[in-house]
Amino acid sequence: MTTMMSGWLLKAAFWLPLLFCTWMALAPQPPKIPVLDLTDTALHALAFSYLTFALMLAYADRSALQTFFALLGYGIVIELVQSQQIERTAEWKDLGVDIAGIVIGLILARYMAAPIRSFVERLTSRVSA
C-alpha cells in the first residue's frame, strides 16, 4: 500500500506540472502569474529541470537517456506547435535552454532522487498507518 501511495504521489508530481506547462506553452494568451514573472529563458530552464527531475523520481525504471529523449521530444513538439500558432512564436533558442534544463534535472536526479524517494516512502507510510 505504501509503495502504491508514494508511487501515485510521485507520478502526480510529474504529470500535473507537465499538464500545466503544456497549457502555459500552448495557450494563445497564458495568464500572467506573479510568481512566474521570470524571463522566458528562466521559465524554460526551470520547467525542464523540474520536469526531468520529477520524471526520474516518478519512473525510477527509466534510464537517463530515455528521460533525456522523452523531454527533448516534448520540447520539440512544443516549439513545432507554437510555430503554427498566430499568437505564439517558436524560438529554437528555447530548445537549447530546454536541453540545459534537462541536463540540470538529470544531474539533480542522479544525486537527490534516492533520498527524496525514500523520504516520500516514509512520509506516505506514516499517513497511511
# chains A, B, ... in the order shown; residues from 1 in each chain; ligands from 1

$ residues_around --residues "Ala25 in chain A" --least-positions-apart "6" --cutoff "9 Å" --atoms "only C-alpha atoms" --output "list of chain:residue names"
A:Ile78, A:Glu79, A:Gln82, A:Arg88

$ write_last_selection --atoms "C-alpha atoms" --output "tab-separated table (two decimals), in the first residue's frame"
chain	number	residue	atom	x	y	z
A	78	ILE	CA	6.03	22.43	-28.09
A	79	GLU	CA	8.18	24.54	-30.44
A	82	GLN	CA	4.00	27.18	-31.32
A	88	ARG	CA	2.86	32.36	-30.27

$ select_by_dssp --residues "range 22-118 of chain A" --states "alpha helix (DSSP H)" --output "PyMOL selection string"
chain A and resi 22-26+40-58+64-83+92-118

$ residues_around --residues "Phe14 in chain A" --least-positions-apart "2" --cutoff "6 Å" --atoms "only C-alpha atoms" --output "PyMOL selection string"
chain A and resi 11-12+16-17+54-55

$ residues_around --residues "Tyr59 in chain A" --least-positions-apart "3" --cutoff "12 Å" --atoms "only C-alpha atoms" --output "MDAnalysis selection string"
chainID A and resid 6:15 51:56 62:64 66:67 109 113:114 117

$ closest_residue --among "A:Leu57, A:Trp92, A:Cys21, A:Leu36" --to "Tyr111 in chain A" --atoms "only C-alpha atoms"
A:Leu57

$ closest_residue --among "A:Met5, A:Arg110, A:Phe119, A:Ala90" --to "Ala60 in chain A" --atoms "only C-alpha atoms"
A:Arg110

$ residues_around --residues "Ala45 in chain A" --least-positions-apart "2" --cutoff "12 Å" --atoms "only C-alpha atoms" --output "PDB file with N, CA, C and O atoms, in the first residue's frame"
ATOM      1  N   LEU A  38       9.098  35.659 -14.623  1.00  0.00           N
ATOM      2  CA  LEU A  38      10.515  35.475 -14.922  1.00  0.00           C
ATOM      3  C   LEU A  38      10.705  35.605 -16.424  1.00  0.00           C
ATOM      4  O   LEU A  38       9.743  35.607 -17.183  1.00  0.00           O
ATOM      5  N   THR A  39      11.941  35.659 -16.851  1.00  0.00           N
ATOM      6  CA  THR A  39      12.192  35.694 -18.292  1.00  0.00           C
ATOM      7  C   THR A  39      11.786  34.357 -18.904  1.00  0.00           C
ATOM      8  O   THR A  39      11.739  33.326 -18.220  1.00  0.00           O
ATOM      9  N   ASP A  40      11.531  34.378 -20.185  1.00  0.00           N
ATOM     10  CA  ASP A  40      11.168  33.161 -20.902  1.00  0.00           C
ATOM     11  C   ASP A  40      12.276  32.112 -20.769  1.00  0.00           C
ATOM     12  O   ASP A  40      12.000  30.927 -20.583  1.00  0.00           O
ATOM     13  N   THR A  41      13.510  32.554 -20.839  1.00  0.00           N
ATOM     14  CA  THR A  41      14.646  31.635 -20.716  1.00  0.00           C
ATOM     15  C   THR A  41      14.660  30.973 -19.342  1.00  0.00           C
ATOM     16  O   THR A  41      14.828  29.745 -19.235  1.00  0.00           O
ATOM     17  N   ALA A  42      14.451  31.748 -18.291  1.00  0.00           N
ATOM     18  CA  ALA A  42      14.432  31.200 -16.934  1.00  0.00           C
ATOM     19  C   ALA A  42      13.273  30.221 -16.765  1.00  0.00           C
ATOM     20  O   ALA A  42      13.425  29.158 -16.141  1.00  0.00           O
ATOM     21  N   LEU A  43      12.111  30.550 -17.332  1.00  0.00           N
ATOM     22  CA  LEU A  43      10.954  29.654 -17.232  1.00  0.00           C
ATOM     23  C   LEU A  43      11.231  28.314 -17.922  1.00  0.00           C
ATOM     24  O   LEU A  43      10.893  27.256 -17.391  1.00  0.00           O
ATOM     25  N   ALA A  47      11.372  24.907 -15.838  1.00  0.00           N
ATOM     26  CA  ALA A  47      10.365  23.899 -16.186  1.00  0.00           C
ATOM     27  C   ALA A  47      11.024  22.582 -16.575  1.00  0.00           C
ATOM     28  O   ALA A  47      10.643  21.518 -16.078  1.00  0.00           O
ATOM     29  N   PHE A  48      12.010  22.637 -17.448  1.00  0.00           N
ATOM     30  CA  PHE A  48      12.621  21.398 -17.912  1.00  0.00           C
ATOM     31  C   PHE A  48      13.510  20.757 -16.853  1.00  0.00           C
ATOM     32  O   PHE A  48      13.598  19.526 -16.794  1.00  0.00           O
ATOM     33  N   SER A  49      14.119  21.545 -15.990  1.00  0.00           N
ATOM     34  CA  SER A  49      14.870  20.960 -14.870  1.00  0.00           C
ATOM     35  C   SER A  49      13.916  20.215 -13.951  1.00  0.00           C
ATOM     36  O   SER A  49      14.167  19.062 -13.564  1.00  0.00           O
ATOM     37  N   TYR A  50      12.816  20.874 -13.594  1.00  0.00           N
ATOM     38  CA  TYR A  50      11.851  20.228 -12.696  1.00  0.00           C
ATOM     39  C   TYR A  50      11.231  18.996 -13.341  1.00  0.00           C
ATOM     40  O   TYR A  50      11.140  17.935 -12.709  1.00  0.00           O
ATOM     41  N   LEU A  51      10.749  19.130 -14.579  1.00  0.00           N
ATOM     42  CA  LEU A  51      10.083  18.002 -15.228  1.00  0.00           C
ATOM     43  C   LEU A  51      11.014  16.797 -15.356  1.00  0.00           C
ATOM     44  O   LEU A  51      10.605  15.654 -15.158  1.00  0.00           O
ATOM     45  N   THR A  52      12.280  17.049 -15.662  1.00  0.00           N
ATOM     46  CA  THR A  52      13.255  15.956 -15.764  1.00  0.00           C
ATOM     47  C   THR A  52      13.441  15.288 -14.415  1.00  0.00           C
ATOM     48  O   THR A  52      13.402  14.059 -14.295  1.00  0.00           O
ATOM     49  N   GLY A  75       9.927  19.045 -25.816  1.00  0.00           N
ATOM     50  CA  GLY A  75      10.340  20.409 -26.149  1.00  0.00           C
ATOM     51  C   GLY A  75      10.222  20.702 -27.639  1.00  0.00           C
ATOM     52  O   GLY A  75       9.791  21.787 -28.041  1.00  0.00           O
ATOM     53  N   LYS A  93      16.103  28.868 -29.819  1.00  0.00           N
ATOM     54  CA  LYS A  93      16.997  29.014 -28.666  1.00  0.00           C
ATOM     55  C   LYS A  93      16.352  28.423 -27.415  1.00  0.00           C
ATOM     56  O   LYS A  93      17.033  27.947 -26.520  1.00  0.00           O
ATOM     57  N   ASP A  94      15.020  28.431 -27.390  1.00  0.00           N
ATOM     58  CA  ASP A  94      14.310  27.807 -26.271  1.00  0.00           C
ATOM     59  C   ASP A  94      14.667  26.329 -26.161  1.00  0.00           C
ATOM     60  O   ASP A  94      14.774  25.789 -25.059  1.00  0.00           O
ATOM     61  N   LEU A  95      14.850  25.690 -27.307  1.00  0.00           N
ATOM     62  CA  LEU A  95      15.205  24.269 -27.295  1.00  0.00           C
ATOM     63  C   LEU A  95      16.583  24.059 -26.662  1.00  0.00           C
ATOM     64  O   LEU A  95      16.786  23.094 -25.919  1.00  0.00           O
ATOM     65  N   GLY A  96      17.504  24.968 -26.917  1.00  0.00           N
ATOM     66  CA  GLY A  96      18.822  24.893 -26.267  1.00  0.00           C
ATOM     67  C   GLY A  96      18.704  25.037 -24.757  1.00  0.00           C
ATOM     68  O   GLY A  96      19.367  24.322 -23.993  1.00  0.00           O
ATOM     69  N   VAL A  97      17.849  25.953 -24.322  1.00  0.00           N
ATOM     70  CA  VAL A  97      17.627  26.146 -22.885  1.00  0.00           C
ATOM     71  C   VAL A  97      16.918  24.919 -22.301  1.00  0.00           C
ATOM     72  O   VAL A  97      17.234  24.486 -21.186  1.00  0.00           O
ATOM     73  N   ASP A  98      15.997  24.335 -23.069  1.00  0.00           N
ATOM     74  CA  ASP A  98      15.327  23.109 -22.628  1.00  0.00           C
ATOM     75  C   ASP A  98      16.361  22.004 -22.387  1.00  0.00           C
ATOM     76  O   ASP A  98      16.308  21.299 -21.373  1.00  0.00           O
ATOM     77  N   ILE A  99      17.291  21.860 -23.320  1.00  0.00           N
ATOM     78  CA  ILE A  99      18.336  20.837 -23.181  1.00  0.00           C
ATOM     79  C   ILE A  99      19.177  21.095 -21.937  1.00  0.00           C
ATOM     80  O   ILE A  99      19.472  20.165 -21.176  1.00  0.00           O
ATOM     81  N   ALA A 100      19.534  22.348 -21.702  1.00  0.00           N
ATOM     82  CA  ALA A 100      20.303  22.680 -20.492  1.00  0.00           C
ATOM     83  C   ALA A 100      19.493  22.321 -19.244  1.00  0.00           C
ATOM     84  O   ALA A 100      20.032  21.755 -18.278  1.00  0.00           O
ATOM     85  N   GLY A 101      18.200  22.622 -19.252  1.00  0.00           N
ATOM     86  CA  GLY A 101      17.341  22.278 -18.127  1.00  0.00           C
ATOM     87  C   GLY A 101      17.250  20.772 -17.921  1.00  0.00           C
ATOM     88  O   GLY A 101      17.270  20.290 -16.785  1.00  0.00           O
ATOM     89  N   ILE A 102      17.170  20.025 -19.010  1.00  0.00           N
ATOM     90  CA  ILE A 102      17.115  18.564 -18.914  1.00  0.00           C
ATOM     91  C   ILE A 102      18.396  18.040 -18.272  1.00  0.00           C
ATOM     92  O   ILE A 102      18.354  17.195 -17.375  1.00  0.00           O
ATOM     93  N   VAL A 103      19.529  18.550 -18.701  1.00  0.00           N
ATOM     94  CA  VAL A 103      20.813  18.107 -18.145  1.00  0.00           C
ATOM     95  C   VAL A 103      20.894  18.439 -16.654  1.00  0.00           C
ATOM     96  O   VAL A 103      21.310  17.608 -15.838  1.00  0.00           O
ATOM     97  N   ILE A 104      20.466  19.630 -16.279  1.00  0.00           N
ATOM     98  CA  ILE A 104      20.459  20.005 -14.850  1.00  0.00           C
ATOM     99  C   ILE A 104      19.550  19.063 -14.068  1.00  0.00           C
ATOM    100  O   ILE A 104      19.912  18.584 -12.984  1.00  0.00           O
ATOM    101  N   GLY A 105      18.366  18.780 -14.600  1.00  0.00           N
ATOM    102  CA  GLY A 105      17.444  17.864 -13.935  1.00  0.00           C
ATOM    103  C   GLY A 105      18.024  16.467 -13.781  1.00  0.00           C
ATOM    104  O   GLY A 105      17.842  15.813 -12.751  1.00  0.00           O
TER     105      GLY A 105
END

$ atom_distance --atom1 "CA of Tyr74 in chain A" --atom2 "CA of Phe20 in chain A"
13.5 Å

$ closest_residue --among "A:Ile107, A:Val127, A:Met4, A:Val81" --to "Thr22 in chain A" --atoms "only C-alpha atoms"
A:Val81
